[in-house]
>>> print(open('start.csv').read())   # CSV, C-alpha atoms
chain,number,residue,atom,x,y,z
K,21,MET,CA,159.6,-90.3,51.3
K,22,ASN,CA,159.4,-92.2,54.5
K,23,ASN,CA,161.0,-91.5,57.9
K,24,ALA,CA,164.3,-93.4,58.1
K,25,SER,CA,166.1,-92.0,61.1
K,26,SER,CA,165.8,-89.7,64.1
K,27,PRO,CA,165.5,-86.0,63.3
K,28,ARG,CA,168.6,-83.8,63.2
K,29,SER,CA,171.1,-86.2,61.8
K,30,LEU,CA,172.6,-87.3,58.5
K,31,LYS,CA,172.6,-91.1,58.5
K,32,VAL,CA,174.1,-93.6,56.0
K,33,THR,CA,172.8,-97.1,56.4
K,34,GLY,CA,174.1,-100.3,54.7
K,35,VAL,CA,175.3,-98.6,51.5
K,36,ASN,CA,176.6,-100.8,48.7
K,37,ARG,CA,177.9,-99.6,45.4
K,38,ALA,CA,179.5,-101.4,42.5
K,39,PHE,CA,180.8,-100.3,39.1
K,40,ALA,CA,180.8,-102.9,36.3
K,41,GLY,CA,180.7,-105.6,38.9
K,42,VAL,CA,183.6,-104.2,41.0
K,43,LYS,CA,182.6,-103.3,44.5
K,44,ALA,CA,183.4,-99.8,45.5
K,45,LEU,CA,181.5,-99.8,48.8
K,46,THR,CA,180.3,-102.7,50.9
K,47,ASP,CA,177.7,-102.3,53.7
K,48,VAL,CA,179.0,-98.9,54.9
K,49,SER,CA,177.0,-97.1,57.7
K,50,LEU,CA,177.8,-93.9,59.5
K,51,GLU,CA,176.0,-91.0,61.2
K,52,ILE,CA,176.8,-87.3,61.2
K,53,ILE,CA,175.2,-85.3,64.0
K,54,PRO,CA,175.0,-81.6,64.7
K,55,GLY,CA,177.9,-80.0,66.6
K,56,GLN,CA,180.4,-82.8,65.8
K,57,VAL,CA,183.1,-83.4,63.2
K,58,LEU,CA,183.3,-86.9,61.7
K,59,GLY,CA,186.5,-87.6,59.9
K,60,LEU,CA,186.6,-89.9,56.9
K,61,ILE,CA,190.0,-91.4,56.1
K,62,GLY,CA,191.4,-94.3,54.1
K,63,PRO,CA,194.0,-95.1,51.4
K,64,ASN,CA,193.6,-94.0,47.8
K,65,GLY,CA,190.8,-96.1,46.3
K,66,ALA,CA,189.2,-96.8,49.6
K,67,GLY,CA,185.8,-95.5,48.3
K,68,LYS,CA,185.8,-92.1,50.1
K,69,SER,CA,184.8,-90.0,47.1
K,70,THR,CA,182.2,-92.5,46.0
K,71,LEU,CA,180.6,-92.3,49.5
K,72,VAL,CA,180.6,-88.5,49.5
K,73,ASN,CA,179.0,-88.5,46.0
K,74,ILE,CA,176.3,-90.9,47.3
K,75,ILE,CA,175.6,-88.9,50.5
K,76,SER,CA,175.3,-85.6,48.5
K,77,GLY,CA,173.2,-87.1,45.6
K,78,TYR,CA,175.7,-87.1,42.8
K,79,ASP,CA,175.6,-90.8,42.7
K,80,TYR,CA,173.2,-93.4,44.1
K,81,PRO,CA,173.8,-96.7,46.0
K,82,ASN,CA,172.8,-100.1,44.6
K,83,THR,CA,171.4,-100.8,48.1
K,84,GLY,CA,171.3,-98.9,51.3
K,85,SER,CA,169.8,-95.6,52.3
K,86,ILE,CA,170.6,-91.9,53.1
K,87,ALA,CA,168.4,-90.1,55.7
K,88,LEU,CA,168.6,-86.4,56.2
K,89,ASN,CA,166.9,-85.0,59.3
K,90,GLY,CA,164.7,-88.1,59.5
K,91,ILE,CA,163.7,-88.1,55.8
K,92,ASN,CA,164.8,-90.7,53.3
K,93,VAL,CA,166.7,-88.8,50.5
K,94,THR,CA,168.5,-91.8,48.9
K,95,THR,CA,167.2,-90.9,45.4
K,96,VAL,CA,166.8,-87.1,45.9
K,97,LYS,CA,168.7,-84.8,43.5
K,98,PRO,CA,171.7,-82.8,44.9
K,99,HIS,CA,170.0,-79.4,44.6
K,100,LYS,CA,167.0,-80.6,46.5
K,101,ARG,CA,169.2,-82.1,49.3
K,102,ALA,CA,170.9,-78.7,49.5
K,103,ARG,CA,167.5,-77.0,50.1
K,104,GLN,CA,166.9,-79.6,52.8
K,105,GLY,CA,170.0,-78.7,54.7
K,106,LEU,CA,173.0,-80.5,53.1
K,107,ALA,CA,176.0,-78.8,51.4
K,108,ARG,CA,179.3,-80.0,50.2
K,109,THR,CA,182.6,-78.7,48.8
K,110,PHE,CA,184.5,-80.3,45.9
K,111,GLN,CA,188.1,-81.3,45.5
K,112,GLN,CA,188.5,-79.0,42.4
K,113,GLY,CA,186.9,-75.9,44.0
K,114,HIS,CA,183.9,-75.6,41.6
K,115,LEU,CA,183.7,-71.8,42.0
K,116,PHE,CA,182.3,-69.7,39.2
K,117,SER,CA,185.7,-68.5,37.9
K,118,GLY,CA,184.5,-65.4,36.2
K,119,LEU,CA,182.6,-64.1,39.2
K,120,THR,CA,184.0,-62.3,42.2
K,121,VAL,CA,184.2,-63.9,45.6
K,122,ARG,CA,181.2,-61.9,46.8
K,123,ASP,CA,179.2,-62.9,43.8
K,124,ASN,CA,180.0,-66.6,44.2
K,125,LEU,CA,178.6,-66.4,47.8
K,126,GLU,CA,175.5,-64.6,46.7
K,127,ALA,CA,174.9,-67.0,43.8
K,128,ALA,CA,175.1,-70.0,46.2
K,129,ALA,CA,172.6,-68.4,48.5
K,130,LEU,CA,170.2,-67.5,45.7
K,131,GLY,CA,170.4,-71.1,44.4
K,132,ALA,CA,169.3,-72.3,47.8
K,133,GLY,CA,166.2,-70.1,47.6
K,134,ALA,CA,167.3,-66.9,49.4
K,135,SER,CA,166.0,-63.6,48.3
K,136,ALA,CA,168.4,-61.0,46.8
K,137,HIS,CA,168.5,-59.2,50.1
K,138,GLN,CA,169.1,-62.4,52.1
K,139,ALA,CA,171.8,-63.4,49.7
K,140,ARG,CA,173.6,-60.1,50.1
K,141,ASP,CA,173.4,-60.4,53.9
K,142,ARG,CA,174.7,-64.0,53.9
K,143,ALA,CA,177.6,-63.1,51.6
K,144,GLU,CA,178.5,-60.1,53.8
K,145,ASN,CA,178.4,-62.2,57.0
K,146,LEU,CA,180.5,-65.0,55.5
K,147,LEU,CA,183.1,-62.5,54.2
K,148,THR,CA,183.4,-61.3,57.8
K,149,GLU,CA,183.3,-64.7,59.4
K,150,PHE,CA,186.1,-66.1,57.1
K,151,HIS,CA,188.1,-62.9,57.2
K,152,ILE,CA,188.1,-62.6,53.4
K,153,HIS,CA,186.6,-59.1,53.0
K,154,ASP,CA,189.9,-58.0,51.4
K,155,ILE,CA,189.3,-60.3,48.4
K,156,ALA,CA,185.5,-59.8,48.1
K,157,ASP,CA,185.9,-58.1,44.7
K,158,HIS,CA,188.6,-60.4,43.3
K,159,ALA,CA,187.6,-62.8,40.5
K,160,ALA,CA,187.6,-66.4,41.7
K,161,HIS,CA,190.0,-67.4,38.9
K,162,SER,CA,192.7,-65.1,40.4
K,163,LEU,CA,192.7,-66.6,43.8
K,164,PRO,CA,195.7,-68.7,45.1
K,165,HIS,CA,194.9,-72.3,46.0
K,166,GLY,CA,194.5,-71.8,49.7
K,167,LEU,CA,192.0,-69.0,49.4
K,168,GLU,CA,190.1,-70.8,46.7
K,169,ARG,CA,189.6,-73.7,49.1
K,170,LEU,CA,188.5,-71.3,51.8
K,171,VAL,CA,186.0,-69.6,49.6
K,172,GLY,CA,184.7,-73.0,48.5
K,173,VAL,CA,183.8,-73.7,52.2
K,174,ALA,CA,182.3,-70.3,52.6
K,175,ARG,CA,180.2,-70.8,49.5
K,176,ALA,CA,178.9,-74.1,50.9
K,177,LEU,CA,177.8,-72.3,54.0
K,178,ALA,CA,175.9,-69.7,52.0
K,179,LEU,CA,173.2,-72.4,51.7
K,180,GLU,CA,172.8,-72.2,55.5
K,181,PRO,CA,173.0,-76.0,55.8
K,182,ASP,CA,172.6,-78.3,58.8
K,183,PHE,CA,175.3,-80.5,57.5
K,184,VAL,CA,178.3,-79.9,55.3
K,185,LEU,CA,180.6,-82.4,53.5
K,186,LEU,CA,184.2,-81.1,53.1
K,187,ASP,CA,186.0,-83.1,50.4
K,188,GLU,CA,189.7,-82.7,50.9
K,189,PRO,CA,189.4,-78.9,51.7
K,190,ALA,CA,192.9,-78.7,53.1
K,191,ALA,CA,194.7,-80.3,50.1
K,192,GLY,CA,197.6,-78.1,49.0
K,193,LEU,CA,197.5,-75.8,52.0
K,194,ASN,CA,200.7,-74.8,53.8
K,195,GLU,CA,201.1,-75.3,57.6
K,196,GLY,CA,199.9,-71.8,58.5
K,197,GLU,CA,196.9,-72.1,56.3
K,198,ILE,CA,196.0,-75.5,57.7
K,199,GLY,CA,196.1,-74.1,61.2
K,200,ASP,CA,193.7,-71.3,60.2
K,201,PHE,CA,191.5,-73.8,58.4
K,202,ALA,CA,191.3,-76.0,61.5
K,203,ASP,CA,190.2,-73.0,63.6
K,204,ASN,CA,187.4,-72.3,61.0
K,205,ILE,CA,186.2,-75.9,61.2
K,206,ARG,CA,186.1,-75.8,65.0
K,207,HIS,CA,184.1,-72.6,64.8
K,208,LEU,CA,181.6,-74.2,62.4
K,209,ARG,CA,181.3,-77.2,64.8
K,210,ASP,CA,180.7,-74.8,67.7
K,211,ARG,CA,177.9,-73.1,65.7
K,212,GLY,CA,176.1,-76.5,65.6
K,213,LEU,CA,176.9,-77.8,62.1
K,214,GLY,CA,177.4,-81.4,61.5
K,215,ILE,CA,180.5,-81.9,59.5
K,216,LEU,CA,182.0,-84.7,57.5
K,217,LEU,CA,185.7,-84.0,56.9
K,218,ILE,CA,187.5,-86.0,54.2
K,219,ASP,CA,191.3,-85.4,54.1
K,220,HIS,CA,194.6,-87.2,53.6
K,221,ASN,CA,196.2,-85.0,56.3
K,222,VAL,CA,195.9,-87.5,59.1
K,223,LYS,CA,197.5,-85.1,61.6
K,224,LEU,CA,194.7,-82.6,60.9
K,225,ILE,CA,192.0,-85.3,61.1
K,226,LEU,CA,193.3,-86.5,64.5
K,227,SER,CA,193.5,-83.0,65.9
K,228,ILE,CA,190.1,-81.7,64.8
K,229,CYS,CA,187.6,-84.6,64.6
K,230,ASP,CA,185.3,-85.9,67.4
K,231,ARG,CA,185.1,-89.3,65.7
K,232,ILE,CA,186.9,-90.9,62.8
K,233,HIS,CA,185.5,-93.4,60.3
K,234,VAL,CA,188.1,-95.5,58.4
K,235,LEU,CA,187.4,-97.0,55.0
K,236,VAL,CA,189.7,-99.6,53.5
K,237,GLU,CA,188.9,-101.3,50.2
K,238,GLY,CA,185.3,-100.0,50.4
K,239,LYS,CA,184.6,-101.4,53.8
K,240,THR,CA,184.5,-99.9,57.3
K,241,LEU,CA,187.7,-100.9,59.1
K,242,LEU,CA,186.8,-99.1,62.3
K,243,GLU,CA,185.1,-96.0,63.7
K,244,GLY,CA,186.1,-94.4,67.0
K,245,THR,CA,187.6,-91.4,68.8
K,246,PRO,CA,190.9,-90.0,67.7
K,247,GLU,CA,192.5,-91.7,70.6
K,248,GLU,CA,191.0,-95.1,69.7
K,249,VAL,CA,192.0,-94.7,66.0
K,250,ARG,CA,195.5,-93.5,66.9
K,251,SER,CA,196.1,-96.6,69.0
K,252,SER,CA,194.6,-99.1,66.5
K,253,ASP,CA,197.0,-101.8,65.4
K,254,GLU,CA,194.6,-102.7,62.5
K,255,LEU,CA,194.8,-99.1,61.3
K,256,ALA,CA,198.5,-98.9,61.6
K,257,GLU,CA,198.9,-102.0,59.5
K,258,ALA,CA,196.2,-101.1,56.9
K,259,TYR,CA,196.8,-97.4,56.4
K,260,LEU,CA,198.7,-95.2,58.8
K,261,GLY,CA,201.9,-97.2,58.8
K,262,ARG,CA,202.2,-96.6,55.0
K,263,SER,CA,201.3,-92.9,55.3
K,264,GLY,CA,204.2,-92.2,57.7
K,265,SER,CA,202.1,-89.3,59.2
K,266,ALA,CA,200.1,-91.0,61.9
K,267,HIS,CA,202.2,-90.0,64.8
K,268,SER,CA,203.8,-86.8,63.4
>>> encode(input="start.csv", output="structure tokens")
Amino acid sequence: MNNASSPRSLKVTGVNRAFAGVKALTDVSLEIIPGQVLGLIGPNGAGKSTLVNIISGYDYPNTGSIALNGINVTTVKPHKRARQGLARTFQQGHLFSGLTVRDNLEAAALGAGASAHQARDRAENLLTEFHIHDIADHAAHSLPHGLERLVGVARALALEPDFVLLDEPAAGLNEGEIGDFADNIRHLRDRGLGILLIDHNVKLILSICDRIHVLVEGKTLLEGTPEEVRSSDELAEAYLGRSGSAHS
């Protein structure tokens, strides 16, 4: 593997991906840096999930590269990227349904190479950090939707990553839960993590992200601060005007 970027960043450069000749992503580039939240938004079918799968190693680009802390990981398997500092959540939770919340956290830490003692400590710390001690011994399959999403984020952090990709983690949360979730994300940013946040809740994205990257039809429409994105006429026409939630 060759150096492909400066250290301490997660960099996507010139990514192209097509399925059966249909372009899903065209020349997409972005960079996630420690201590910042980069939002990724776009209409359904814009290519967001494809991009997240490519960044995390569950799919590969036809051309382009992914660099993690200066190392080219474009063809590296997901579990190896996890051990190099990259974690992600999934839209459908992906918890071990028959295990308790505590055991889910410990299993994730063990999978990232932690010892049994380290895994127990990480789980305990995350239970405290996310205020979920009261459900530590509940089976994952018994959790309501909002808590399942929260545990999914905690489990990703059990890997002690430098960067975390959050794939629609707030989907289905009520207003109160979204407020608590936003506070958790700010806390992770302040801890120094680099975060990519993908969500359809544009109000949340505008309120929490340092920068926002907008995909439309597999191409980058724009990237900028929340203020720049909010005031973009291109964005209002291509996406936010249809969503009805840009200025709510």
>>> closest_atom_pairs(input="start.csv", of="region 33-147 of chain K", to="region 155-175 of chain K", cutoff="6 Å", atoms="only C-alpha atoms", output="CSV")
residue,atom,partner,partner_atom,distance
K:Gly113,CA,K:Gly172,CA,5.8
K:Ser117,CA,K:His161,CA,4.5
K:Gly118,CA,K:Ala159,CA,5.9
K:Leu119,CA,K:Ala159,CA,5.3
K:Thr120,CA,K:Ala159,CA,4.0
K:Val121,CA,K:Ala156,CA,5.0
K:Arg122,CA,K:Ala156,CA,5.0
K:Leu125,CA,K:Arg175,CA,5.0
>>> atom_distance(input="start.csv", atom1="CA of Leu147 (chain K)", atom2="CA of Ser76 (chain K)")
25.0 Å
>>> closest_atom_pairs(input="start.csv", of="region 37-63 of chain K", to="region 236-253 of chain K", cutoff="7 Å", atoms="all atoms listed in the file", output="JSON lines")
{"residue": "K:Ala44", "atom": "CA", "partner": "K:Gly238", "partner_atom": "CA", "distance": 5.3}
{"residue": "K:Leu45", "atom": "CA", "partner": "K:Gly238", "partner_atom": "CA", "distance": 4.1}
{"residue": "K:Thr46", "atom": "CA", "partner": "K:Lys239", "partner_atom": "CA", "distance": 5.3}
{"residue": "K:Asp47", "atom": "CA", "partner": "K:Lys239", "partner_atom": "CA", "distance": 7.0}
{"residue": "K:Val48", "atom": "CA", "partner": "K:Thr240", "partner_atom": "CA", "distance": 6.1}
{"residue": "K:Gly62", "atom": "CA", "partner": "K:Val236", "partner_atom": "CA", "distance": 5.6}
{"residue": "K:Pro63", "atom": "CA", "partner": "K:Val236", "partner_atom": "CA", "distance": 6.6}
>>> closest_residue(input="start.csv", among="K:Asn92, K:Ser69, K:Asn82, K:Glu149", to="Val35 (chain K)", atoms="all atoms listed in the file")
K:Asn82
>>> closest_residue(input="start.csv", among="K:Ala136, K:Leu217, K:Leu179, K:Ile198", to="Val72 (chain K)", atoms="only C-alpha atoms")
K:Leu217
>>> residues_near_point(input="start.csv", point="(181.7, -91.9, 45.8)", cutoff="12 Å", atoms="only C-alpha atoms", output="ChimeraX atom specification")
/K:35-39,43-45,48,65-81,110,187,218,235,238
>>> atom_distance(input="start.csv", atom1="CA of Glu180 (chain K)", atom2="CA of Leu30 (chain K)")
15.4 Å
>>> closest_residue(input="start.csv", among="K:Ala132, K:Gly196, K:Lys31, K:Asp210", to="Thr94 (chain K)", atoms="only C-alpha atoms")
K:Lys31
>>> atom_distance(input="start.csv", atom1="CA of Glu144 (chain K)", atom2="CA of Ala178 (chain K)")
10.1 Å
